[in-house]
>>> print(open('entry.txt').read())   # compact mmCIF, C-alpha atoms and all ligand atoms
# COMPACT_ATOMS: atom_id res chain seq x y z
CA MET X 24 -54.04 -26.72 99.76
CA THR X 25 -52.48 -29.37 97.56
CA TYR X 26 -52.51 -33.11 98.08
CA LYS X 27 -48.98 -34.47 98.33
CA HIS X 28 -48.37 -37.90 96.79
CA LEU X 29 -44.76 -38.66 97.66
CA LYS X 30 -44.27 -40.00 101.17
CA GLU X 31 -41.40 -41.43 103.20
CA ARG X 32 -39.90 -44.66 101.87
CA SER X 33 -41.04 -46.51 105.01
CA TYR X 34 -44.67 -45.83 104.00
CA TYR X 35 -44.17 -47.80 100.76
CA GLU X 36 -42.16 -50.52 102.49
CA GLU X 37 -44.95 -51.08 104.99
CA MET X 38 -47.53 -51.16 102.20
CA TYR X 39 -45.48 -53.67 100.20
CA ASP X 40 -44.94 -55.94 103.22
CA ARG X 41 -48.62 -55.77 104.10
CA HIS X 42 -49.48 -56.95 100.57
CA THR X 43 -46.88 -59.73 100.87
CA VAL X 44 -48.40 -60.96 104.12
CA GLU X 45 -51.94 -60.88 102.68
CA ASP X 46 -50.82 -62.61 99.50
CA CYS X 47 -48.93 -65.38 101.32
CA ARG X 48 -51.78 -65.90 103.78
CA TRP X 49 -54.03 -66.46 100.79
CA HIS X 50 -51.60 -68.99 99.33
CA GLU X 51 -51.38 -70.75 102.69
CA GLU X 52 -55.12 -71.31 103.05
CA PRO X 53 -55.86 -75.04 102.90
CA ARG X 54 -57.25 -75.91 99.50
CA PRO X 55 -59.14 -79.01 98.46
CA MET X 56 -57.29 -81.50 96.29
CA SER X 57 -57.82 -80.89 92.58
CA LYS X 58 -59.23 -83.56 90.30
CA GLU X 59 -55.88 -83.81 88.48
CA GLU X 60 -54.03 -84.47 91.73
CA ASN X 61 -56.37 -87.30 92.60
CA ASP X 62 -56.29 -88.74 89.08
CA VAL X 63 -52.54 -88.66 88.54
CA LYS X 64 -51.75 -90.26 91.84
CA GLU X 65 -53.79 -93.41 91.50
CA GLY X 66 -52.30 -96.27 93.43
CA LEU X 67 -51.06 -94.03 96.23
CA THR X 68 -52.56 -94.03 99.69
CA ALA X 69 -54.63 -91.07 100.89
CA GLY X 70 -51.77 -90.12 103.22
CA GLN X 71 -49.27 -90.06 100.38
CA ILE X 72 -51.56 -87.95 98.20
CA GLN X 73 -52.06 -85.51 101.09
CA TRP X 74 -48.31 -85.34 101.69
CA SER X 75 -47.60 -84.50 98.07
CA HIS X 76 -50.43 -81.92 98.02
CA ASP X 77 -49.00 -80.25 101.13
CA PHE X 78 -45.53 -80.34 99.64
CA VAL X 79 -46.69 -78.51 96.49
CA THR X 80 -48.57 -75.94 98.61
CA ASP X 81 -45.47 -75.29 100.76
CA MET X 82 -43.29 -75.03 97.69
CA LEU X 83 -45.61 -72.51 96.03
CA LEU X 84 -45.71 -70.46 99.23
CA PHE X 85 -41.92 -70.56 99.49
CA GLN X 86 -41.59 -69.32 95.92
CA ARG X 87 -44.28 -66.68 96.38
CA ALA X 88 -42.50 -65.20 99.41
CA GLY X 89 -39.13 -65.40 97.63
CA ASP X 90 -40.41 -63.75 94.45
CA ARG X 91 -42.06 -60.98 96.49
CA TYR X 92 -38.64 -60.34 98.05
CA LEU X 93 -36.91 -60.22 94.67
CA GLN X 94 -39.43 -57.67 93.31
CA ARG X 95 -39.54 -55.52 96.46
CA GLU X 96 -36.92 -52.85 95.75
CA GLU X 97 -37.94 -52.38 92.15
CA THR X 98 -41.66 -52.12 92.92
CA ILE X 99 -41.14 -49.64 95.74
CA ASN X 100 -38.90 -47.52 93.50
CA GLU X 101 -41.57 -47.55 90.81
CA TRP X 102 -44.26 -46.44 93.29
CA MET X 103 -42.09 -43.62 94.58
CA GLU X 104 -41.17 -42.44 91.10
CA ARG X 105 -44.83 -42.46 90.12
CA ASP X 106 -45.79 -40.35 93.15
CA GLU X 107 -42.90 -37.98 92.64
CA ARG X 108 -43.97 -37.50 89.02
CA ARG X 109 -47.56 -36.86 90.12
CA ASP X 110 -46.39 -34.18 92.55
CA ALA X 111 -44.35 -32.56 89.79
CA VAL X 112 -47.39 -32.51 87.49
CA LEU X 113 -49.41 -30.85 90.27
CA ASP X 114 -46.67 -28.31 90.95
CA ARG X 115 -46.51 -27.33 87.31
CA ALA X 116 -50.30 -27.01 86.92
CA ARG X 117 -51.29 -23.33 86.71
CA THR X 118 -54.52 -22.18 88.30
CA PRO X 119 -56.89 -21.00 85.53
CA ILE X 120 -58.34 -17.51 85.85
CA ILE X 121 -62.07 -17.81 86.48
CA ARG X 122 -64.20 -14.80 87.34
CA CYS X 123 -66.76 -14.95 90.14
CA PRO X 124 -70.22 -14.89 88.55
CA SER X 125 -71.46 -12.44 91.25
CA CYS X 126 -68.68 -9.84 91.67
CA GLY X 127 -66.43 -10.51 88.67
CA ARG X 128 -63.22 -10.80 90.69
CA SER X 129 -60.92 -13.72 89.86
CA MET X 130 -61.55 -16.69 92.14
CA GLU X 131 -58.97 -18.11 94.49
CA CYS X 132 -57.69 -21.69 94.40
CA VAL X 133 -58.53 -23.51 97.64
CA TYR X 134 -57.63 -27.03 96.58
CA LYS X 135 -55.98 -28.79 93.69
CA ARG X 136 -55.50 -32.46 93.11
CA LEU X 137 -54.45 -34.96 90.49
CA ASP X 138 -57.02 -37.46 89.31
CA TYR X 139 -56.58 -40.46 87.07
CA ASP X 140 -58.59 -42.93 85.10
CA ILE X 141 -59.23 -46.10 87.11
CA ASP X 142 -59.00 -48.24 83.98
CA ASP X 143 -56.07 -46.43 82.39
CA ARG X 144 -53.78 -45.04 85.09
CA LYS X 145 -51.66 -43.24 82.50
CA ARG X 146 -54.55 -40.86 81.82
CA GLU X 147 -54.18 -38.16 84.48
CA TRP X 148 -55.48 -34.65 84.90
CA VAL X 149 -55.50 -31.88 87.47
CA GLU X 150 -58.65 -30.51 89.08
CA PHE X 151 -58.97 -27.19 90.93
CA ILE X 152 -61.55 -26.02 93.43
CA LEU X 153 -61.86 -22.24 93.21
CA LYS X 154 -63.76 -19.94 95.56
CA CYS X 155 -64.77 -16.33 95.88
CA MET X 156 -64.72 -15.90 99.64
CA PRO X 157 -66.88 -12.75 99.99
CA CYS X 158 -69.64 -14.07 97.67
CA LYS X 159 -69.34 -17.76 98.74
CA GLN X 160 -69.29 -18.81 95.07
CA SER X 161 -67.27 -21.86 94.06
CA ALA X 162 -66.24 -23.71 90.89
CA ARG X 163 -64.60 -27.04 90.09
CA VAL X 164 -62.49 -26.74 86.93
CA PHE X 165 -59.74 -28.37 84.88
CA GLU X 166 -56.46 -26.62 84.14
CA ASN X 167 -57.85 -25.24 80.85
CA GLY X 168 -60.69 -23.53 82.78
CA GLN X 169 -63.41 -25.91 81.67
CA LYS X 170 -65.94 -26.99 84.28
CA VAL X 171 -65.59 -30.51 85.68
CA PRO X 172 -68.87 -32.20 84.74
CA GLU X 173 -70.86 -32.94 87.89
CA LYS X 174 -72.71 -36.19 88.14
CA PRO X 175 -75.98 -35.52 90.00
CA SER X 176 -76.42 -37.62 93.15
CA LEU X 177 -79.44 -39.89 92.96
CA CYS X 178 -81.94 -40.95 95.58
CA VAL X 179 -81.29 -44.50 96.82
CA LYS X 180 -85.06 -45.17 96.83
CA CYS X 181 -86.45 -43.62 93.62
CA LYS X 182 -83.23 -42.86 91.67
CA LYS X 183 -84.24 -39.20 91.11
CA GLU X 184 -82.01 -36.23 91.82
CA VAL X 185 -81.37 -35.21 95.44
CA LYS X 186 -80.46 -31.96 97.20
CA LEU X 187 -77.13 -32.02 99.04
CA SER X 188 -76.42 -30.41 102.41
CA THR X 189 -74.22 -30.99 105.43
CA ARG X 190 -74.91 -31.04 109.16
CA THR X 191 -72.64 -31.22 112.18
CA LYS X 192 -73.74 -33.51 114.98
CA ASN X 193 -71.67 -34.21 118.13
CA GLY X 194 -68.66 -32.58 116.46
CA LYS X 195 -68.89 -34.90 113.40
CA GLU X 196 -69.82 -33.91 109.89
CA TYR X 197 -72.66 -35.66 108.07
CA PHE X 198 -73.71 -35.39 104.41
CA ILE X 199 -77.49 -35.17 103.95
CA ASP X 200 -79.14 -36.14 100.66
CA THR X 201 -82.76 -35.00 100.51
CA CYS X 202 -84.80 -36.35 97.61
CA LYS X 203 -86.73 -33.66 95.74
CA HIS X 204 -89.13 -36.28 94.46
CA CYS X 205 -90.03 -38.75 97.26
CA GLY X 206 -88.64 -36.83 100.22
CA HIS X 207 -86.33 -39.64 101.38
CA VAL X 208 -83.43 -38.42 103.55
CA GLU X 209 -80.11 -40.25 103.54
CA GLU X 210 -77.49 -39.37 106.13
CA THR X 211 -73.83 -40.45 105.81
CA LEU X 212 -70.98 -39.75 108.15
CA SER X 213 -68.02 -38.02 106.52
CA VAL X 214 -65.13 -40.40 105.85
CA LEU X 215 -62.84 -38.02 107.73
CA ASP X 216 -64.92 -38.44 110.91
CA GLU X 217 -65.36 -42.19 110.73
CA ASP X 218 -63.95 -43.98 113.72
CA LYS X 219 -60.88 -45.76 112.45
CA LYS X 220 -61.07 -49.41 113.40
CA GLU X 221 -57.85 -50.02 115.26
CA PRO X 222 -56.49 -53.55 114.99
CA THR X 223 -56.66 -55.63 118.17
CA GLN X 224 -53.47 -56.72 119.95
CA GLU X 225 -54.08 -60.26 118.71
CA GLU X 226 -54.26 -59.04 115.09
CA ILE X 227 -51.08 -57.02 115.53
CA ASP X 228 -49.23 -60.02 117.01
CA ARG X 229 -50.44 -62.29 114.26
CA PHE X 230 -49.33 -59.80 111.62
CA GLU X 231 -45.85 -59.49 113.14
CA TYR X 232 -45.58 -63.27 113.32
CA ASP X 233 -46.59 -63.67 109.64
CA LYS X 234 -44.35 -60.83 108.57
CA LYS X 235 -41.36 -62.69 110.02
CA ARG X 236 -42.37 -65.78 108.09
CA PHE X 237 -43.20 -64.18 104.72
CA CYS X 238 -41.10 -61.00 104.40
CA LEU X 239 -37.60 -62.33 103.85
CA THR X 240 -34.57 -60.71 105.44
CA SER X 241 -31.81 -59.80 103.02
CA ALA X 242 -29.79 -62.89 104.03
CA GLN X 243 -32.81 -65.13 103.40
CA GLY X 244 -33.51 -63.27 100.17
CA GLN X 245 -29.96 -63.83 98.90
CA ARG X 246 -30.27 -67.54 99.69
CA TYR X 247 -33.53 -67.66 97.73
CA LYS X 248 -31.87 -65.89 94.80
CA SER X 249 -29.09 -68.49 94.71
CA TRP X 250 -31.68 -71.24 94.93
CA VAL X 251 -33.56 -69.82 91.90
CA GLU X 252 -30.31 -69.57 89.93
CA GLY X 253 -29.37 -73.12 90.92
CA MET X 254 -32.74 -74.45 89.77
CA LYS X 255 -32.36 -72.67 86.45
CA LEU X 256 -28.94 -74.20 85.96
CA MET X 257 -30.23 -77.63 86.89
CA LYS X 258 -33.01 -77.37 84.33
CA GLU X 259 -30.51 -76.43 81.63
CA GLU X 260 -28.24 -79.32 82.58
CA THR X 261 -31.14 -81.77 82.49
CA LYS X 262 -32.03 -80.49 79.05
CA GLU X 263 -28.46 -80.90 77.90
CA GLN X 264 -28.32 -84.43 79.29
CA GLU X 265 -31.54 -85.31 77.51
CA ALA X 266 -30.06 -83.96 74.29
CA ASN X 267 -26.90 -86.00 74.83
CA VAL X 268 -28.80 -89.23 75.41
CA GLU X 269 -30.84 -88.57 72.30
CA TYR X 270 -27.69 -87.82 70.33
CA TYR X 271 -25.94 -91.10 71.19
CA ASP X 272 -29.11 -93.09 70.63
CA LYS X 273 -29.63 -91.49 67.24
CA LEU X 274 -26.01 -91.87 66.23
CA ALA X 275 -26.11 -95.60 66.99
CA GLU X 276 -29.35 -95.95 65.04
CA VAL X 277 -28.11 -94.42 61.76
CA LYS X 278 -28.32 -96.98 58.96
CA LYS X 279 -25.78 -96.61 56.21
CA LEU X 280 -27.14 -97.06 52.71
CA ASN X 281 -25.30 -96.87 49.42
CA ILE X 282 -26.93 -95.24 46.38
CA ALA X 283 -28.57 -98.47 45.26
CA GLY X 284 -30.07 -98.95 48.71
CA LEU X 285 -31.28 -95.37 48.79
CA GLU X 286 -32.89 -95.72 45.38
CA LYS X 287 -34.73 -98.87 46.41
CA LEU X 288 -36.03 -97.30 49.62
CA LEU X 289 -37.24 -94.10 47.97
CA LYS X 290 -38.94 -95.93 45.10
CA ALA X 291 -40.97 -97.94 47.57
CA VAL X 292 -42.09 -94.99 49.68
CA ILE X 293 -43.03 -92.62 46.84
CA LYS X 294 -45.17 -95.24 45.17
CA LYS X 295 -47.49 -95.42 48.19
CA ALA X 296 -48.11 -91.65 47.99
CA GLY X 297 -48.82 -91.48 44.25
CA TYR X 298 -45.42 -90.51 42.87
CA THR X 299 -43.44 -92.47 40.27
CA ASP X 300 -40.41 -92.42 37.92
CA LEU X 301 -37.66 -91.74 40.43
CA HIS X 302 -34.50 -90.71 38.61
CA ILE X 303 -31.29 -89.90 40.29
CA SER X 304 -28.13 -88.49 38.85
CA MET X 305 -24.84 -87.64 40.44
CA PRO X 306 -22.93 -84.54 39.51
CA PRO X 307 -19.12 -84.87 39.15
CA PRO X 308 -17.66 -86.02 42.49
CA ASP X 309 -16.86 -83.27 44.95
CA ARG X 310 -15.89 -83.12 48.61
CA GLN X 311 -19.59 -83.61 49.40
CA ILE X 312 -21.82 -86.29 47.95
CA ILE X 313 -24.95 -84.62 46.64
CA ILE X 314 -27.30 -86.29 44.22
CA ASN X 315 -30.05 -84.75 42.12
CA PHE X 316 -33.38 -86.49 41.94
CA SER X 317 -36.65 -86.09 40.08
CA VAL X 318 -40.04 -87.77 40.46
CA ARG X 319 -43.38 -87.43 38.74
CA ASP X 320 -46.64 -86.78 40.59
CA THR X 321 -49.34 -89.08 39.22
CA GLU X 322 -52.15 -87.22 40.95
CA GLU X 323 -53.56 -84.73 38.48
CA LYS X 324 -55.43 -82.68 41.08
CA ARG X 325 -52.55 -82.18 43.55
CA GLU X 326 -51.41 -78.55 43.48
CA SER X 327 -47.74 -77.58 43.50
CA TYR X 328 -47.55 -76.57 47.20
CA ASP X 329 -49.29 -79.72 48.42
CA SER X 330 -47.22 -81.91 46.14
CA GLU X 331 -43.92 -80.39 47.31
CA LYS X 332 -44.84 -80.64 51.02
CA THR X 333 -46.14 -84.21 50.74
CA LEU X 334 -42.99 -85.42 49.01
CA GLN X 335 -40.79 -83.56 51.49
CA LYS X 336 -42.53 -85.25 54.44
CA ILE X 337 -42.18 -88.69 52.85
CA PHE X 338 -38.47 -88.19 52.23
CA GLU X 339 -37.80 -86.78 55.69
CA LYS X 340 -39.60 -89.70 57.33
CA ALA X 341 -37.82 -92.30 55.20
CA LEU X 342 -34.39 -90.74 55.75
CA GLU X 343 -34.67 -89.76 59.42
CA ASP X 344 -32.45 -92.62 60.55
CA LYS X 345 -30.34 -92.97 57.40
CA ASN X 346 -27.06 -91.43 56.33
CA TRP X 347 -28.89 -89.31 53.74
CA ALA X 348 -30.83 -86.05 54.13
CA LEU X 349 -32.72 -83.62 51.91
CA VAL X 350 -30.72 -80.51 51.12
CA SER X 351 -32.33 -77.46 52.72
CA ASP X 352 -33.07 -75.68 49.42
CA GLY X 353 -36.19 -77.87 49.24
CA ILE X 354 -38.19 -79.55 46.51
CA HIS X 355 -39.37 -77.78 43.36
CA TYR X 356 -42.51 -78.54 41.39
CA ARG X 357 -43.08 -77.81 37.70
CA LEU X 358 -46.14 -79.21 35.91
CA GLY X 359 -46.11 -82.38 37.97
CA LEU X 360 -42.36 -82.98 37.87
CA LEU X 361 -40.61 -82.56 41.18
CA SER X 362 -36.90 -82.21 41.71
CA GLY X 363 -34.49 -81.66 44.56
CA ARG X 364 -31.19 -82.72 46.08
CA ILE X 365 -30.18 -85.26 48.70
CA GLN X 366 -26.88 -85.23 50.52
CA GLY X 367 -25.05 -88.36 51.56
CA TYR X 368 -22.97 -88.59 54.75
CA GLU X 369 -20.04 -90.93 54.52
CA THR X 370 -17.48 -90.55 57.31
CA GLU X 371 -18.04 -90.86 61.07
CA GLU X 372 -17.46 -87.14 61.38
CA ASP X 373 -20.14 -86.43 58.76
CA LEU X 374 -22.58 -88.66 60.59
CA GLU X 375 -21.91 -86.90 63.87
CA THR X 376 -22.61 -83.53 62.26
CA LEU X 377 -25.82 -84.84 60.72
CA THR X 378 -27.02 -86.37 64.02
CA LYS X 379 -26.26 -83.21 65.98
CA ALA X 380 -28.38 -81.19 63.56
CA ARG X 381 -31.21 -83.72 63.88
CA VAL X 382 -31.16 -83.63 67.71
CA LYS X 383 -31.16 -79.85 67.70
CA LYS X 384 -34.21 -79.84 65.44
CA SER X 385 -36.06 -82.37 67.58
CA MET X 386 -35.29 -80.51 70.86
CA LYS X 387 -36.67 -77.35 69.30
CA ALA X 388 -39.87 -79.10 68.28
CA LYS X 389 -40.46 -80.43 71.81
CA LYS X 390 -43.06 -78.48 73.72
CA PRO X 391 -42.15 -76.86 77.07
CA LYS X 392 -43.11 -78.99 80.06
CA ALA X 393 -46.37 -78.56 81.92
CA HIS X 394 -46.43 -76.04 84.78
CA SER X 395 -47.59 -78.62 87.32
CA GLU X 396 -44.14 -80.18 87.33
CA VAL X 397 -42.68 -77.09 88.93
CA ALA X 398 -42.07 -78.45 92.45
CA PHE X 399 -40.45 -81.71 91.55
ZN ZN V 401 -67.51 -12.77 94.19
ZN ZN V 402 -86.50 -40.30 96.13
>>> encode(input="entry.txt", output="structure tokens")
Amino acid sequence: MTYKHLKERSYYEEMYDRHTVEDCRWHEEPRPMSKEENDVKEGLTAGQIQWSHDFVTDMLLFQRAGDRYLQREETINEWMERDERRDAVLDRARTPIIRCPSCGRSMECVYKRLDYDIDDRKREWVEFILKCMPCKQSARVFENGQKVPEKPSLCVKCKKEVKLSTRTKNGKEYFIDTCKHCGHVEETLSVLDEDKKEPTQEEIDRFEYDKKRFCLTSAQGQRYKSWVEGMKLMKEETKEQEANVEYYDKLAEVKKLNIAGLEKLLKAVIKKAGYTDLHISMPPPDRQIIINFSVRDTEEKRESYDSEKTLQKIFEKALEDKNWALVSDGIHYRLGLLSGRIQGYETEEDLETLTKARVKKSMKAKKPKAHSEVAF
């Protein structure tokens, strides 16, 4: 006898839908208002707070049911593939040849099954139960013939080893554990003979009702899919609009300085941070205006990395709304003398390019929004 894993597709569909119903019921349970909800909504009436709480709950439930629909096919396929693979592993497993300890004949396989690690479901192995019918000998082994280690059953009272036996009573099988130490007898009904608790008509009706609410039909599912895509698009558009607003604001803010103005500004800011002797020189004119600068660090103890980074920050801050920017090759430090390049932006077109780059950088630096905003 071999346990068969793969079942009809409807078996998996029912299991998936049952999980969906249970999951959505859990999400639907009334929950007390969180501290954040009460704090954020100061100034609102209790009714308004309750309304917004209910709205968020409904929204989460709506998304939960929708997401369960979107994952349904894929999950069921995965389950079926897993069970098909397990059956194939079982089919391939060869019964090891084990001799009966009494008569020496090779024992017969009466049952084989696939077992797996509860913590790591990828770790699987096959177990065989072998028997010698005439001698009533049996063995539980792995495919390589090694014995499956048996964990002794322990007495529920004194935790010492017990003797196992079975008894049939009123046509049902019971397992009897008799303690060798304290004599305690524990009787348990075999799982196979347990009376299955059939659901009541009320439970069945309630399940069918919830299934209609939470397990989306394909038309409802398609609508949900479009809704998700629409929301995604809306988020992207909002982001783009934000970037646009920032771009026009920044562009209007840019202050145009000539070289004399730049020199005056930089001299003032470096002084505050312990740098001095700003020198600038301009290479022969080119299409782009790029000037070389050097400054001296007056702080003896400042190391090269710190000195470079500090100066870079000062320059970036001072130039963030000006028509000048540090060239990306950075600032170089040698024995307290720092040097680098600054580019000037002259035409409207140049300024637009510069502003676009600045907005892009600032959008990147912005952190993603908090999860709690999801419903609004
Ligand atoms: Zn035998
Ligand atoms: Zn005992």
>>> closest_residue(input="entry.txt", among="X:Ser161, X:Thr43, X:Thr25, X:Thr68", to="ligand ZN 401 (chain V)", atoms="only C-alpha atoms and all ligand atoms")
X:Ser161
>>> residues_near_ligand(input="entry.txt", ligand="ligand ZN 402 (chain V)", cutoff="7 Å", atoms="all atoms listed in the file", output="PyMOL selection string")
chain X and resi 178-183+202-207
>>> residues_around(input="entry.txt", residues="X:Arg109", least_positions_apart="3", cutoff="12 Å", atoms="all atoms listed in the file", output="MDAnalysis selection string")
chainID X and resid 25:30 102:106 112:116 136:139 144:149
>>> closest_residue(input="entry.txt", among="X:Glu101, X:Ile337, X:Glu226, X:Asp329", to="X:Ala291", atoms="all atoms listed in the file")
X:Ile337
>>> axis_aligned_box(input="entry.txt", around="stretch 259-269 of chain X", padding_each_side="3 Å", output="JSON")
{"center_x": -29.5, "center_y": -82.8, "center_z": 77.4, "size_x": 11.1, "size_y": 18.8, "size_z": 16.3}
>>> residues_around(input="entry.txt", residues="X:Thr211", least_positions_apart="4", cutoff="12 Å", atoms="all atoms listed in the file", output="JSON, numbers by chain")
{"X": [187, 188, 189, 190, 191, 192, 195, 196, 197, 198, 199, 200, 201, 215, 216, 217]}
>>> residues_around(input="entry.txt", residues="X:Met130", least_positions_apart="4", cutoff="9 Å", atoms="all atoms listed in the file", output="NGL selection string")
:X and (120-123 or 153-156 or 160-162)
>>> decode(input="entry.txt", residues="stretch 57-82 of chain X", atoms="C-alpha atoms", output="tab-separated table (two decimals), in the first residue's frame")
chain	number	residue	atom	x	y	z
X	57	SER	CA	-5.29	51.49	17.90
X	58	LYS	CA	-3.55	54.22	19.86
X	59	GLU	CA	-2.24	55.76	16.60
X	60	GLU	CA	-5.76	55.99	15.18
X	61	ASN	CA	-6.99	57.84	18.25
X	62	ASP	CA	-3.93	60.11	18.37
X	63	VAL	CA	-3.85	61.10	14.71
X	64	LYS	CA	-7.50	61.94	14.56
X	65	GLU	CA	-7.66	64.46	17.36
X	66	GLY	CA	-10.37	67.01	16.81
X	67	LEU	CA	-12.70	64.50	15.16
X	68	THR	CA	-15.86	63.24	16.79
X	69	ALA	CA	-16.07	59.65	18.04
X	70	GLY	CA	-18.44	58.88	15.16
X	71	GLN	CA	-15.98	60.18	12.58
X	72	ILE	CA	-13.12	58.19	14.10
X	73	GLN	CA	-15.28	55.05	14.08
X	74	TRP	CA	-16.26	55.67	10.45
X	75	SER	CA	-12.66	55.99	9.35
X	76	HIS	CA	-11.67	52.89	11.37
X	77	ASP	CA	-14.45	50.88	9.71
X	78	PHE	CA	-13.45	52.22	6.32
X	79	VAL	CA	-9.85	51.03	6.77
X	80	THR	CA	-11.06	47.62	8.00
X	81	ASP	CA	-13.35	47.23	4.96
X	82	MET	CA	-10.59	48.31	2.63
